[in-house]
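> Got a structure for you, written out below as structure tokens; questions coming shortly.
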Amino acid sequence: MVKEINILEEKINVCLDHEGFNKKPEKKEVREISERIAGITTSISIEELMKNVTIPNARSFTPAVFNEGKRSNQTWKSQQVFALDIDSGLNIEGALKQSAELRVEPTFVYSTFSHSDENHKFRMVYVLDEEIQDLRVRNVIQTALTTLFPSSDKNANDAARILFGGKKIEFVKRGVLSVPKILDGVVQKIRSGSNATREMKRFCKASGLAYFKGYPHYKQVEEKDLPNGEGNTLFISRTKNRTNTINYYSTRVKNSHFSYYLVFSKDSFQEDESYSLEPSSFGEPEVKQVRNFPFDNLQKRCKLYREGTLGDYWLYHSEMFGLMTNLLNIEGGKSKVVEIINSRKEYLTKKEEWSLMMNQIKKMNYAPTRCDTYCPFVGECIHANNMIEQGKLPRGSVQVLQEPEFEEVDIIYKKLEEAFEEIIKNKDQGVYVIKAPTGLGKTEAIVNLAQENNFSIALPTHKLKDEVSQRLNAKKIKHIKVPVLPLLQESFSEKIEHLYNIGAYRTVNKFLRQIANENEDVSNFLQDLEKVKSSKRELLLTTHQRAIFTNDDSNSTLIFDEDPIPSLFPIYQMKVSDLVFAFTKLQDNEVNKDVIITLQNGILNAPVDIVQERSSFLLPSVKDLEQTIVEESTVSSNVLGFLNCDYFIKKKIHNTDYIFFIQRNNLPLTKRSSF
DNA sequence: GCGTTAGTCCCTCCAGCTAA
DNA sequence: TTAGCTGGAGGGACTAACGC
């Protein structure tokens, strides 16, 4: 929930006289006020200022504060309050109506002593969201305000001006203005009037701002997009460098206090005020439009865009601005903006204003506005940085959906050890899963746990198994480990590899027993394996594969170090032609012939890219088939694995049909597994 | 008022480059 | 290796300005 603050309670610095009047001060009194007022710098709330400058107090004040206690344009120090005197040509209602149209509304208005119902004479007081400390910027603001209200008194614009008290407060608005907002109002007013180019140049000359592509050169940007360096012609206002800021919130979302910069004409800082109307020497970086933008995606993912284009949601000025800065940076986005403008007939009155805004955004290369600075639905969706990224994430970029939560490594490690302890103590059978970040020290925790407990540790590879074995030895922890298949002569290893490839694991064991008689290494391997199988309540190191495929009763608890999912659900692929070839061999066996033919047709007729169920009722006895396939040396694919799978998918890669399938291996049912 | 011209917007296609 | 990105060319649709 956005917290609304009472702007009127915010304090500002002015020089406020201590003497009140019930009429305009006489010349002598004015001289006295003038001499003393610069020394009376006062920090006062807007509300108190309103009370102090009207009857019964009606004190005089200067919007500026001064150095050395001396009131002059040279000793001007800073200013947050600006005022316009209207003595003729405009009544209060008319002035307020114009202010509202241009979105440059005064914070309060008070009538002066010579005000009457027939002749409105009043002062419009504008409070800014920051204290201005650069005289050039102060002059820009004052010129902007007098441009917005040409009927205002031209003689009351100097920096050191004293403003007398008045009759009463005629209007209050709980709001403050920013420098870019005032300039936006000026641009809107000039652009919608006649002879816009001439008037824009005239304003630039009067304010000292550089003229850039038909506009005064100023831009509201995010901190990161601010130009580098600050020269004589460049004024940069960084949010963090501002003083006495008033953090206001609009009725919707936080959108105050953007950074901005102003570019002054080459000579405007010089004493003689000479002005060059050459185009601004400070160029705006060219921004390339995003191409191939999927507007469909944006339609699905962005409520503001969706409801905006359909006309379901009434867009406020700042929201339309935000939408435009995003869409106009996309190729084809202009049409979408036009679509939005035409989506509601009520927008017709705003058409011209929005068209001007569109031109300004394009000319000044406004960057896409961030969602969280203007979107009313920002809390309702998981959104990217801005609307463009919401529709299309550029290659190589990352969208952070949720900030990670960090915790001390030591604390997490302790939690990990406690989790292991709990599993070991808990005697209930089942699978326990521990999700811990990489590098936390899971293996270390397991090794520590092994000091006082017996269980089986399954590691992904023999290499890692040996590493853990070394760590256990270093801590003098007794353990046994499953042996590694010894290096065999080429003919043997080729045969074993072939058997593994076709999925004939049972036959591998059978074959090893056969050659054990002539090969001592294999004999030792089998003996070691037997020892492991018959061990009871000893710390055992094994591999994921061995742990899944071997039924031993060495320990009741099995801990998988690292994720065993790749071993539990291995993915295989093979050419359809290999499978069909294997099936033709299997058809020689009369018992399964019909089943195999049906299975083969199922695969050949399966559509590509769609997951297919491998009908389980067609399953022949894999055990019987293993012998047939093993005997057929020309079959080299994992046919047995396929006959064990539940689902497969056919894919066409470079005009060749492939079958992909996932095999499902079960965790040992008699153990408590944890990983 | 009408036809011509210039400019804008935006789409498609192509070729070459490059991040993943 | 490959999909995504970029720059550039070309062209259709539309609009504004201009000349007659």
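Chain labels A, B, ... are given in the sequence in which chains occur in the structure tokens; within each chain residues are numbered consecutively from 1, and ligands are likewise numbered from 1 in the order shown.
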Quick one: which chain B residues come within 12 Å of chain A, and what is the nearest atom pair for each with the distance in Å to one decimal, counting only C-alpha atoms (C1' of nucleotides), rows ordered by chain and ascending number, as CSV?

```
residue,atom,partner,partner_atom,distance
B:DT8,C1',A:Lys334,CA,11.3
B:DC9,C1',A:Gly332,CA,7.9
B:DC10,C1',A:Gly332,CA,5.9
B:DC11,C1',A:Gly332,CA,8.8
B:DT12,C1',A:Asn292,CA,11.2
B:DT18,C1',A:Arg395,CA,10.8
B:DA19,C1',A:Gly396,CA,7.0
B:DA20,C1',A:Gly396,CA,7.5
```
> Could you save the residues just selected, with C-alpha atoms (C1' of nucleotides), as a PDB file, in the first residue's frame?

```
ATOM      1  C1'  DT B   8       7.415   8.118 -42.450  1.00  0.00           C
ATOM      2  C1'  DC B   9       6.331   3.729 -40.713  1.00  0.00           C
ATOM      3  C1'  DC B  10       6.780  -0.911 -40.751  1.00  0.00           C
ATOM      4  C1'  DC B  11       7.064  -5.230 -42.801  1.00  0.00           C
ATOM      5  C1'  DT B  12       9.811  -8.916 -45.302  1.00  0.00           C
ATOM      6  C1'  DT B  18      27.739 -14.100 -32.501  1.00  0.00           C
ATOM      7  C1'  DA B  19      26.204 -15.679 -27.819  1.00  0.00           C
ATOM      8  C1'  DA B  20      24.964 -19.680 -25.760  1.00  0.00           C
TER       9       DA B  20
END
```
> Can I get the residues of chain A within 10 Å of chain C, each with the closest pair of atoms and their distance in Å to one decimal, using only C-alpha atoms (C1' of nucleotides), sorted chain first then ascending number, as a Markdown table?

```
| residue | atom | partner | partner_atom | distance |
| --- | --- | --- | --- | --- |
| A:Arg291 | CA | C:DC5 | C1' | 9.0 |
| A:Asn292 | CA | C:DC5 | C1' | 9.7 |
| A:Pro394 | CA | C:DG4 | C1' | 8.6 |
| A:Arg395 | CA | C:DG4 | C1' | 6.9 |
```
> Can you tell me, as a list of chain:residue names, what residues are no more than 10 Å from range 67-74 of chain A when counting only C-alpha atoms (C1' of nucleotides), ignoring any on the same chain fewer than 3 positions away?
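Near neighbours after the sequence-gap exclusion: A:Cys15, A:Ser34, A:Glu35, A:Arg36, A:Ile37, A:Ala38, A:Gly39, A:Ile40, A:Thr41, A:Thr62, A:Ala64, A:Lys77, A:Ser78, A:Leu135, A:Asp158, A:Ala159, A:Ala160, A:Arg161, A:Ile162.
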> Extract the full set of helix (DSSP H, G or I) residues from range 74-253 of chain A according to DSSP on the backbone, and format it as number ranges by chain.
A: 92-102, 135-148, 154-156, 179-191, 196-207, 223-225, 239-241
> By how many Å are CA of Ile565 in chain A and CA of Asn426 in chain A apart?
23.5 Å
> What's the 12 Å shell around Gln299 in chain A, counting only C-alpha atoms (C1' of nucleotides), without same-chain residues fewer than 3 positions away, as a ChimeraX atom specification?
/A:293-296,302-310,336,387-388,390-392
> Now that the selection is made, can you save its residues with all heavy atoms as a compact mmCIF listing (two decimals), in the first residue's frame?

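This went into selection-v3.txt:
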```txt
# COMPACT_ATOMS: atom_id res chain seq x y z
N PHE A 293 9.56 -8.08 -32.36
CA PHE A 293 8.99 -8.12 -31.01
C PHE A 293 7.68 -8.93 -31.00
O PHE A 293 6.79 -8.67 -31.80
CB PHE A 293 8.72 -6.70 -30.52
CG PHE A 293 8.30 -6.65 -29.08
CD1 PHE A 293 9.23 -6.72 -28.07
CD2 PHE A 293 6.95 -6.56 -28.74
CE1 PHE A 293 8.85 -6.68 -26.74
CE2 PHE A 293 6.56 -6.52 -27.41
CZ PHE A 293 7.51 -6.58 -26.41
N PRO A 294 7.57 -9.91 -30.10
CA PRO A 294 6.33 -10.70 -30.05
C PRO A 294 5.24 -9.98 -29.25
O PRO A 294 5.14 -10.15 -28.04
CB PRO A 294 6.78 -11.99 -29.36
CG PRO A 294 7.97 -11.60 -28.53
CD PRO A 294 8.56 -10.37 -29.12
N PHE A 295 4.43 -9.18 -29.92
CA PHE A 295 3.38 -8.44 -29.21
C PHE A 295 2.37 -9.39 -28.56
O PHE A 295 1.74 -9.04 -27.58
CB PHE A 295 2.68 -7.47 -30.17
CG PHE A 295 3.49 -6.24 -30.46
CD1 PHE A 295 4.19 -6.12 -31.66
CD2 PHE A 295 3.60 -5.22 -29.53
CE1 PHE A 295 4.96 -5.00 -31.92
CE2 PHE A 295 4.37 -4.09 -29.79
CZ PHE A 295 5.05 -3.99 -30.98
N ASP A 296 2.25 -10.61 -29.13
CA ASP A 296 1.33 -11.61 -28.54
C ASP A 296 1.76 -11.94 -27.12
O ASP A 296 0.93 -12.07 -26.21
CB ASP A 296 1.35 -12.91 -29.37
CG ASP A 296 0.66 -12.70 -30.70
OD1 ASP A 296 0.09 -11.62 -30.88
OD2 ASP A 296 0.72 -13.62 -31.53
N CYS A 302 1.34 -8.80 -19.92
CA CYS A 302 1.28 -7.45 -19.36
C CYS A 302 -0.16 -6.95 -19.32
O CYS A 302 -0.78 -6.72 -20.36
CB CYS A 302 2.16 -6.51 -20.19
SG CYS A 302 2.08 -4.81 -19.65
N LYS A 303 -0.66 -6.81 -18.11
CA LYS A 303 -2.06 -6.40 -17.94
C LYS A 303 -2.29 -4.98 -18.45
O LYS A 303 -3.30 -4.71 -19.09
CB LYS A 303 -2.43 -6.49 -16.45
CG LYS A 303 -3.89 -6.26 -16.19
CD LYS A 303 -4.24 -6.53 -14.74
CE LYS A 303 -5.69 -6.20 -14.47
NZ LYS A 303 -6.05 -6.37 -13.06
N LEU A 304 -1.33 -4.10 -18.19
CA LEU A 304 -1.49 -2.70 -18.60
C LEU A 304 -1.59 -2.61 -20.13
O LEU A 304 -2.45 -1.91 -20.66
CB LEU A 304 -0.31 -1.86 -18.11
CG LEU A 304 -0.43 -0.36 -18.35
CD1 LEU A 304 -1.60 0.24 -17.59
CD2 LEU A 304 0.84 0.38 -17.99
N TYR A 305 -0.72 -3.36 -20.82
CA TYR A 305 -0.76 -3.35 -22.28
C TYR A 305 -2.07 -3.96 -22.78
O TYR A 305 -2.73 -3.42 -23.66
CB TYR A 305 0.44 -4.13 -22.84
CG TYR A 305 0.43 -4.27 -24.34
CD1 TYR A 305 0.73 -3.19 -25.15
CD2 TYR A 305 0.07 -5.47 -24.94
CE1 TYR A 305 0.71 -3.30 -26.53
CE2 TYR A 305 0.04 -5.59 -26.32
CZ TYR A 305 0.35 -4.50 -27.11
OH TYR A 305 0.32 -4.62 -28.48
N ARG A 306 -2.43 -5.11 -22.17
CA ARG A 306 -3.63 -5.83 -22.59
C ARG A 306 -4.86 -4.94 -22.44
O ARG A 306 -5.61 -4.73 -23.39
CB ARG A 306 -3.76 -7.10 -21.76
CG ARG A 306 -4.82 -8.06 -22.24
CD ARG A 306 -4.71 -9.40 -21.54
NE ARG A 306 -4.75 -9.32 -20.10
CZ ARG A 306 -3.75 -9.68 -19.30
NH1 ARG A 306 -2.62 -10.14 -19.81
NH2 ARG A 306 -3.86 -9.59 -17.99
N GLU A 307 -5.02 -4.41 -21.24
CA GLU A 307 -6.22 -3.60 -20.99
C GLU A 307 -6.14 -2.25 -21.69
O GLU A 307 -7.15 -1.68 -22.02
CB GLU A 307 -6.41 -3.44 -19.48
CG GLU A 307 -6.58 -4.78 -18.79
CD GLU A 307 -7.43 -4.70 -17.53
OE1 GLU A 307 -7.70 -3.59 -17.06
OE2 GLU A 307 -7.80 -5.78 -17.03
N GLY A 308 -4.91 -1.78 -21.90
CA GLY A 308 -4.72 -0.52 -22.60
C GLY A 308 -5.16 -0.61 -24.05
O GLY A 308 -5.91 0.23 -24.55
N THR A 309 -4.75 -1.69 -24.73
CA THR A 309 -5.11 -1.82 -26.15
C THR A 309 -6.59 -2.09 -26.33
O THR A 309 -7.19 -1.69 -27.32
CB THR A 309 -4.30 -2.96 -26.83
OG1 THR A 309 -4.28 -4.08 -25.96
CG2 THR A 309 -2.89 -2.55 -27.15
N LEU A 310 -7.18 -2.80 -25.36
CA LEU A 310 -8.60 -3.11 -25.47
C LEU A 310 -9.48 -1.93 -25.03
O LEU A 310 -10.68 -1.93 -25.24
CB LEU A 310 -8.94 -4.34 -24.62
CG LEU A 310 -8.31 -5.66 -25.07
CD1 LEU A 310 -8.57 -6.74 -24.04
CD2 LEU A 310 -8.85 -6.07 -26.43
N LYS A 336 0.84 0.37 -32.27
CA LYS A 336 0.17 -0.08 -31.05
C LYS A 336 -0.25 1.11 -30.19
O LYS A 336 -1.32 1.09 -29.59
CB LYS A 336 1.10 -1.00 -30.23
CG LYS A 336 1.60 -2.21 -31.00
CD LYS A 336 0.47 -3.18 -31.32
CE LYS A 336 0.97 -4.31 -32.19
NZ LYS A 336 -0.11 -5.17 -32.68
N MET A 387 8.47 -3.02 -19.97
CA MET A 387 7.50 -3.70 -20.83
C MET A 387 8.18 -4.47 -21.97
O MET A 387 7.71 -5.53 -22.37
CB MET A 387 6.57 -2.62 -21.40
CG MET A 387 5.26 -3.13 -21.88
SD MET A 387 4.30 -1.74 -22.43
CE MET A 387 3.10 -1.67 -21.15
N ILE A 388 9.27 -3.93 -22.47
CA ILE A 388 9.95 -4.60 -23.58
C ILE A 388 10.49 -5.95 -23.14
O ILE A 388 10.30 -6.97 -23.81
CB ILE A 388 11.09 -3.70 -24.14
CG1 ILE A 388 10.50 -2.41 -24.69
CG2 ILE A 388 11.88 -4.44 -25.21
CD1 ILE A 388 11.50 -1.41 -25.19
N GLN A 390 9.41 -7.62 -20.71
CA GLN A 390 8.27 -8.47 -20.34
C GLN A 390 7.78 -9.25 -21.55
O GLN A 390 7.30 -10.37 -21.42
CB GLN A 390 7.14 -7.58 -19.78
CG GLN A 390 5.95 -8.32 -19.25
CD GLN A 390 6.23 -8.98 -17.90
OE1 GLN A 390 7.36 -9.09 -17.47
NE2 GLN A 390 5.20 -9.43 -17.23
N GLY A 391 7.93 -8.66 -22.74
CA GLY A 391 7.49 -9.35 -23.95
C GLY A 391 8.57 -10.19 -24.58
O GLY A 391 8.32 -11.24 -25.13
N LYS A 392 9.79 -9.72 -24.47
CA LYS A 392 10.89 -10.43 -25.15
C LYS A 392 12.16 -10.26 -24.35
O LYS A 392 12.67 -9.15 -24.21
CB LYS A 392 11.08 -9.82 -26.55
CG LYS A 392 12.15 -10.51 -27.35
CD LYS A 392 12.34 -9.76 -28.67
CE LYS A 392 13.36 -10.46 -29.52
NZ LYS A 392 13.56 -9.76 -30.79
```
> In Å to one decimal, how far is CA of Ile548 in chain A from CA of Glu562 in chain A?
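Between CA of Glu562 in chain A and CA of Ile548 in chain A the gap works out to 14.1 Å.
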> Between CA of Leu540 in chain A and CA of Val484 in chain A, what is the spacing in Å?
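For CA of Val484 in chain A relative to CA of Leu540 in chain A, the distance reads 14.1 Å.
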> Find the residue from A:Thr438, A:Gln527, A:Asn13, A:Ser114 that sits nearest to Val409 in chain A; use only C-alpha atoms when measuring.
A:Thr438
